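*Asks:* Enclosed is the structure file work.cif (mmCIF, C-alpha atoms).
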data_input
loop_
_atom_site.label_atom_id
_atom_site.label_comp_id
_atom_site.auth_asym_id
_atom_site.auth_seq_id
_atom_site.Cartn_x
_atom_site.Cartn_y
_atom_site.Cartn_z
CA THR A 1 -56.35 50.62 71.00
CA TYR A 2 -56.79 52.65 67.82
CA GLY A 3 -59.42 55.31 68.33
CA ASP A 4 -58.97 55.52 72.10
CA GLU A 5 -57.92 58.77 73.72
CA ALA A 6 -54.14 58.88 74.06
CA SER A 7 -52.66 58.31 77.51
CA VAL A 8 -50.77 61.20 79.08
CA PRO A 9 -47.10 60.14 79.49
CA SER A 10 -45.28 60.55 82.77
CA VAL A 11 -41.90 59.71 84.30
CA ASP A 12 -41.83 58.09 87.70
CA ASN A 13 -39.45 59.59 90.25
CA ALA A 14 -38.42 62.52 88.05
CA PRO A 15 -36.28 64.98 90.07
CA GLU A 16 -38.12 67.91 91.55
CA GLY A 17 -37.89 70.90 89.25
CA ALA A 18 -36.87 68.88 86.22
CA VAL A 19 -38.65 69.52 82.93
CA VAL A 20 -39.62 66.45 80.94
CA ALA A 21 -40.06 66.66 77.16
CA TYR A 22 -41.52 63.76 75.23
CA ALA A 23 -40.90 62.62 71.68
CA TYR A 24 -42.10 59.58 69.77
CA ILE A 25 -40.02 57.31 67.59
CA THR A 26 -41.46 55.35 64.70
CA ILE A 27 -39.47 52.83 62.71
CA VAL A 28 -40.18 53.29 58.97
CA ASP A 29 -38.16 51.28 56.44
CA ASP A 30 -35.58 50.51 59.13
CA GLU A 31 -35.12 54.21 59.84
CA GLU A 32 -36.15 56.09 62.97
CA GLN A 33 -38.56 58.98 62.57
CA LEU A 34 -38.90 61.37 65.51
CA SER A 35 -42.02 63.41 66.24
CA ASP A 36 -43.27 65.56 69.09
CA THR A 37 -46.84 64.51 68.29
CA ALA A 38 -48.23 61.36 69.85
CA PRO A 39 -49.03 58.72 67.22
CA THR A 40 -52.64 57.71 66.60
CA ASN A 41 -52.39 54.87 64.09
CA ALA A 42 -52.05 51.24 65.12
CA GLY A 43 -48.46 50.05 65.41
CA SER A 44 -45.40 49.74 67.64
CA TYR A 45 -43.68 52.87 68.92
CA ILE A 46 -40.96 54.09 71.26
CA ILE A 47 -41.49 57.06 73.57
CA LYS A 48 -38.45 59.13 74.48
CA ALA A 49 -38.50 61.23 77.64
CA THR A 50 -35.78 63.89 77.90
CA ILE A 51 -35.27 65.10 81.48
CA THR A 52 -33.51 68.39 82.08
CA GLU A 53 -30.65 68.81 84.52
CA THR A 54 -31.34 70.14 88.02
CA ALA A 55 -29.11 71.38 90.80
CA ASN A 56 -28.83 67.89 92.22
CA TYR A 57 -29.25 65.64 89.18
CA LEU A 58 -27.82 65.44 85.73
CA GLY A 59 -30.22 65.36 82.84
CA GLY A 60 -30.92 62.20 80.92
CA GLU A 61 -33.14 60.28 78.55
CA VAL A 62 -35.55 57.45 79.22
CA PHE A 63 -37.07 55.18 76.54
CA ASN A 64 -40.06 52.88 76.63
CA GLU A 65 -41.93 50.84 74.02
CA PHE A 66 -45.68 50.83 73.59
CA ASN A 67 -48.26 49.54 71.12
CA ILE A 68 -51.48 50.89 69.68
CA ASP A 69 -53.60 47.87 68.86
CA MET A 70 -55.91 47.73 65.85
CA ALA A 71 -59.63 48.23 66.47
CA ALA A 72 -62.23 45.71 65.38
CA LEU A 73 -63.65 46.39 61.93
CA SER A 74 -67.14 45.85 63.37
CA GLU A 75 -66.79 49.19 65.15
CA VAL A 76 -67.00 51.16 61.91
CA VAL A 77 -70.27 52.54 60.59
CA ILE A 78 -71.21 52.09 56.94
CA GLY A 79 -73.30 54.94 55.58
CA THR A 80 -76.74 54.27 54.16
CA ILE A 81 -76.68 53.61 50.42
CA ALA A 82 -79.59 55.13 48.53
CA ASP A 83 -81.72 53.02 46.20
CA GLN A 84 -80.14 52.55 42.80
CA THR A 85 -82.07 52.36 39.52
CA TYR A 86 -81.61 49.39 37.21
CA THR A 87 -79.28 50.13 34.28
CA GLY A 88 -78.50 46.69 32.88
CA ASP A 89 -74.91 46.98 34.11
CA PRO A 90 -73.33 46.04 37.45
CA ILE A 91 -74.02 48.75 40.04
CA GLU A 92 -71.29 49.61 42.55
CA PRO A 93 -72.26 52.76 44.47
CA THR A 94 -69.70 54.63 46.55
CA VAL A 95 -69.51 53.47 50.17
CA THR A 96 -68.76 55.83 53.05
CA VAL A 97 -67.22 54.30 56.18
CA THR A 98 -66.83 56.24 59.42
CA PHE A 99 -65.21 55.52 62.78
CA ASN A 100 -65.83 57.64 65.85
CA GLY A 101 -67.58 60.13 63.59
CA ASN A 102 -64.65 60.51 61.19
CA VAL A 103 -64.49 59.25 57.61
CA VAL A 104 -62.16 56.25 57.23
CA ASP A 105 -59.68 56.63 54.39
CA GLU A 106 -60.42 54.34 51.43
CA SER A 107 -56.91 52.87 51.71
CA GLU A 108 -58.03 51.19 54.93
CA TYR A 109 -60.49 48.78 53.33
CA GLN A 110 -61.76 47.02 50.23
CA VAL A 111 -65.38 46.85 49.07
CA GLU A 112 -66.94 43.74 47.56
CA TYR A 113 -70.38 43.64 45.93
CA ASP A 114 -72.67 40.67 45.39
CA GLU A 115 -72.57 39.11 41.94
CA ASN A 116 -76.32 39.88 41.71
CA ASN A 117 -75.70 43.63 41.54
CA VAL A 118 -77.33 43.98 38.11
CA ASP A 119 -80.99 43.05 38.44
CA VAL A 120 -83.70 44.44 40.70
CA GLY A 121 -83.37 43.22 44.28
CA THR A 122 -81.25 43.49 47.42
CA VAL A 123 -77.47 43.69 47.03
CA THR A 124 -75.08 42.91 49.87
CA VAL A 125 -71.91 44.99 50.22
CA THR A 126 -69.00 43.60 52.25
CA ILE A 127 -66.20 45.67 53.77
CA ILE A 128 -62.80 43.98 54.16
CA SER A 129 -60.07 45.68 56.19
CA ASN A 130 -56.55 46.02 54.84
CA GLU A 131 -55.54 45.67 58.50
CA ILE A 132 -53.86 49.02 58.88
CA ASN A 133 -55.90 50.25 61.83
CA PHE A 134 -58.71 47.65 61.89
CA TYR A 135 -58.60 43.88 62.11
CA ASN A 136 -61.01 41.57 60.32
CA GLU A 137 -63.28 39.33 62.36
CA ASP A 138 -64.95 36.01 61.61
CA GLU A 139 -68.28 37.75 61.03
CA PRO A 140 -68.14 39.92 57.89
CA VAL A 141 -69.06 43.60 58.07
CA THR A 142 -71.84 44.20 55.57
CA THR A 143 -74.59 46.52 54.47
CA THR A 144 -77.21 46.33 51.73
CA PHE A 145 -78.83 48.50 49.12
CA GLU A 146 -81.74 48.08 46.74
CA ILE A 147 -81.76 48.09 42.96
CA VAL A 148 -85.18 49.32 41.88
CA ALA A 149 -86.92 48.98 38.54
CA ALA A 150 -86.23 51.50 35.81
CA GLN A 151 -89.16 53.56 34.58
CA ALA A 152 -90.39 52.46 31.15
CA ASP A 153 -92.45 54.54 28.74
CA ILE A 154 -95.51 52.77 27.33
CA THR A 155 -98.47 54.46 25.67
CA ALA A 156 -101.58 52.81 24.21
CA GLN A 157 -104.78 53.67 22.34
CA ASP A 158 -108.13 51.91 22.15
CA GLN A 159 -108.22 49.27 19.45
CA THR A 160 -110.99 47.76 17.33
CA VAL A 161 -110.77 44.57 15.29
CA THR A 162 -113.27 42.27 13.60
CA TYR A 163 -114.26 38.85 14.88
CA ASP A 164 -112.52 36.06 13.00
CA GLY A 165 -113.12 33.04 15.21
CA THR A 166 -109.60 33.04 16.68
CA GLU A 167 -108.02 34.48 19.79
CA GLN A 168 -107.04 38.08 19.15
CA GLN A 169 -104.41 40.14 20.90
CA PHE A 170 -104.47 43.79 21.80
CA ASP A 171 -101.28 45.27 20.37
CA ASN A 172 -101.99 48.96 19.89
CA TYR A 173 -99.23 50.19 22.18
CA THR A 174 -95.81 51.71 21.65
CA GLY A 175 -92.80 52.67 23.72
CA ASP A 176 -89.76 50.99 25.20
CA GLU A 177 -88.99 47.50 23.97
CA ILE A 178 -89.88 45.57 27.08
CA GLU A 179 -92.25 42.71 27.79
CA VAL A 180 -95.79 44.00 28.34
CA ILE A 181 -98.51 41.89 29.92
CA VAL A 182 -101.98 42.43 28.43
CA MET A 183 -104.85 41.61 30.78
CA TYR A 184 -108.49 41.37 29.66
CA TYR A 185 -111.62 41.98 31.74
CA ALA A 186 -115.32 41.95 30.92
CA SER A 187 -116.07 45.13 32.88
CA GLU A 188 -114.39 48.22 34.25
CA SER A 189 -115.19 47.15 37.82
CA ASP A 190 -113.43 43.82 37.28
CA ARG A 191 -110.45 45.64 35.85
CA GLU A 192 -110.29 47.98 38.84
CA SER A 193 -110.53 45.11 41.34
CA GLY A 194 -108.29 42.77 39.35
CA GLU A 195 -110.90 40.03 39.62
CA ASN A 196 -112.23 37.71 36.92
CA GLU A 197 -109.39 38.22 34.48
CA MET A 198 -110.17 36.59 31.15
CA GLU A 199 -107.68 34.26 29.56
CA VAL A 200 -108.33 35.34 25.96
CA ALA A 201 -110.25 37.81 23.83
CA LEU A 202 -112.21 35.66 21.41
CA ASN A 203 -115.85 36.61 21.04
CA ALA A 204 -117.28 39.88 19.78
CA GLY A 205 -117.66 42.52 22.47
CA THR A 206 -115.74 45.16 24.39
CA TYR A 207 -112.88 44.11 26.60
CA TYR A 208 -111.40 46.33 29.28
CA VAL A 209 -107.64 46.07 28.99
CA LYS A 210 -104.90 46.68 31.54
CA LEU A 211 -101.25 46.84 30.49
CA VAL A 212 -98.51 46.18 33.06
CA SER A 213 -94.80 45.47 32.89
CA GLY A 214 -93.79 41.87 32.38
CA GLU A 215 -90.22 42.43 33.53
CA ASP A 216 -88.94 42.82 37.08
CA ASN A 217 -86.32 45.33 35.93
CA TYR A 218 -88.80 47.76 34.38
CA THR A 219 -91.98 49.35 35.62
CA PHE A 220 -94.62 51.78 34.43
CA GLU A 221 -97.96 52.94 35.68
CA PRO A 222 -100.73 50.60 34.48
CA VAL A 223 -102.27 51.69 31.18
CA TYR A 224 -106.04 51.31 30.71
CA VAL A 225 -107.70 51.03 27.29
CA THR A 226 -110.50 49.13 25.57
CA PHE A 227 -110.25 46.38 23.00
CA THR A 228 -113.34 45.93 20.88
CA ILE A 229 -114.04 42.91 18.70
CA GLU A 230 -116.80 43.83 16.27
CA PRO A 231 -119.10 41.16 14.84
CA LYS A 232 -118.17 39.89 11.42
CA THR A 233 -120.57 40.73 8.59
CA LEU A 234 -122.09 37.65 6.97
CA THR A 235 -121.30 37.42 3.29
CA ASP A 236 -122.04 34.91 0.62
CA ASP A 237 -119.02 32.71 0.10
#
Translate this file's structure into structure tokens.
*Replies:*
Amino acid sequence: TYGDEASVPSVDNAPEGAVVAYAYITIVDDEEQLSDTAPTNAGSYIIKATITETANYLGGEVFNEFNIDMAALSEVVIGTIADQTYTGDPIEPTVTVTFNGNVVDESEYQVEYDENNVDVGTVTVTIISNEINFYNEDEPVTTTFEIVAAQADITAQDQTVTYDGTEQQFDNYTGDEIEVIVMYYASESDRESGENEMEVALNAGTYYVKLVSGEDNYTFEPVYVTFTIEPKTLTDD
């Protein structure tokens, strides 16, 4: 089998004192190719043993056929793929495949990536053998990698507005054009604990604001500011 240590050839009943030399024949494009080196790739081969002449025996040649079977693809090892950062485009990182500690040539296999290799999440990578030295099995050979959120840049400043009887939105932030979630709390302790979030900012007072990313594909450290609604001055209308 491919990957196994090669067997040492021998000739039974060789005459005493005879020297045996071995060569290996491979058929390529209907032509014989002769080599003194034992083959290692999967395939069908012919071994040729040339026996020298002795005092009592004439020399001669002996031929025998043998096969090196393909190994199972499940025996390969797929290298760990590092986390990849979201880009908005399909992500297809390079895959390294080894067998018995040696890197498998890329001509030996194909790589297929999940269709969900764009957004943040787990992506499955499947290796398919071209059946040169490895045969495919019913169970696919796979690995996974993670697409992680890209870092967004959002900055904000405290904001003050005047009460007008309607819901008002904190919007004094700038940066990358991503969805930002604005969360309102009545106190700093509530903001720190994440408890008692307020649905709206309506009445006059100081609101403790927390900004977080509203998109799975982008992230940024939470931004903390205040949003103050000042009382409206009564005027004669």
*Asks:* Step by step, work through what the PyMOL selection byres ((chain A and resi 218-235) around 6) selects in the shown file, and finish by giving those residues as a ChimeraX atom specification.
*Replies:* /A:149-152,158-163,204-213,215-217,236
*Asks:* Residues at most 12 Å from Val77 in chain A, counting only C-alpha atoms, excluding those fewer than 5 positions away in the same chain, as a PyMOL selection string?
*Replies:* chain A and resi 72+95-104+127+141-143
*Asks:* Evaluate the PyMOL selection byres ((chain A and resi 45) around 9) here and jot the selected residues down as JSON, numbers by chain.
*Replies:* {"A": [24, 25, 26, 27, 39, 43, 44, 46, 47, 64, 65, 66, 67, 68]}
*Asks:* For a quick check of understanding, using all atoms listed in the file, which of A:Ser74, A:Thr155, A:Ser7, A:Asn117 has the smallest distance to Gly88 in chain A?
*Replies:*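 Of A:Ser74, A:Thr155, A:Ser7, A:Asn117, the one nearest Gly88 in chain A is A:Asn117, counting all atoms listed in the file.
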*Asks:* Quick one, how far is CA of Ile51 in chain A from CA of Asp36 in chain A?
*Replies:* 14.8 Å
*Asks:* For Glu75 in chain A, which residue out of A:Gly194, A:Gly3, A:Gly17, A:Pro93 is the nearest one, using all atoms listed in the file?
*Replies:* A:Gly3
*Asks:* Using the chain letters and residue numbers of this document, give as a ChimeraX atom specification the residues selected by the PyMOL selection byres ((chain A and resi 116) around 12).
*Replies:* /A:86,88-92,112-115,117-125,144-147
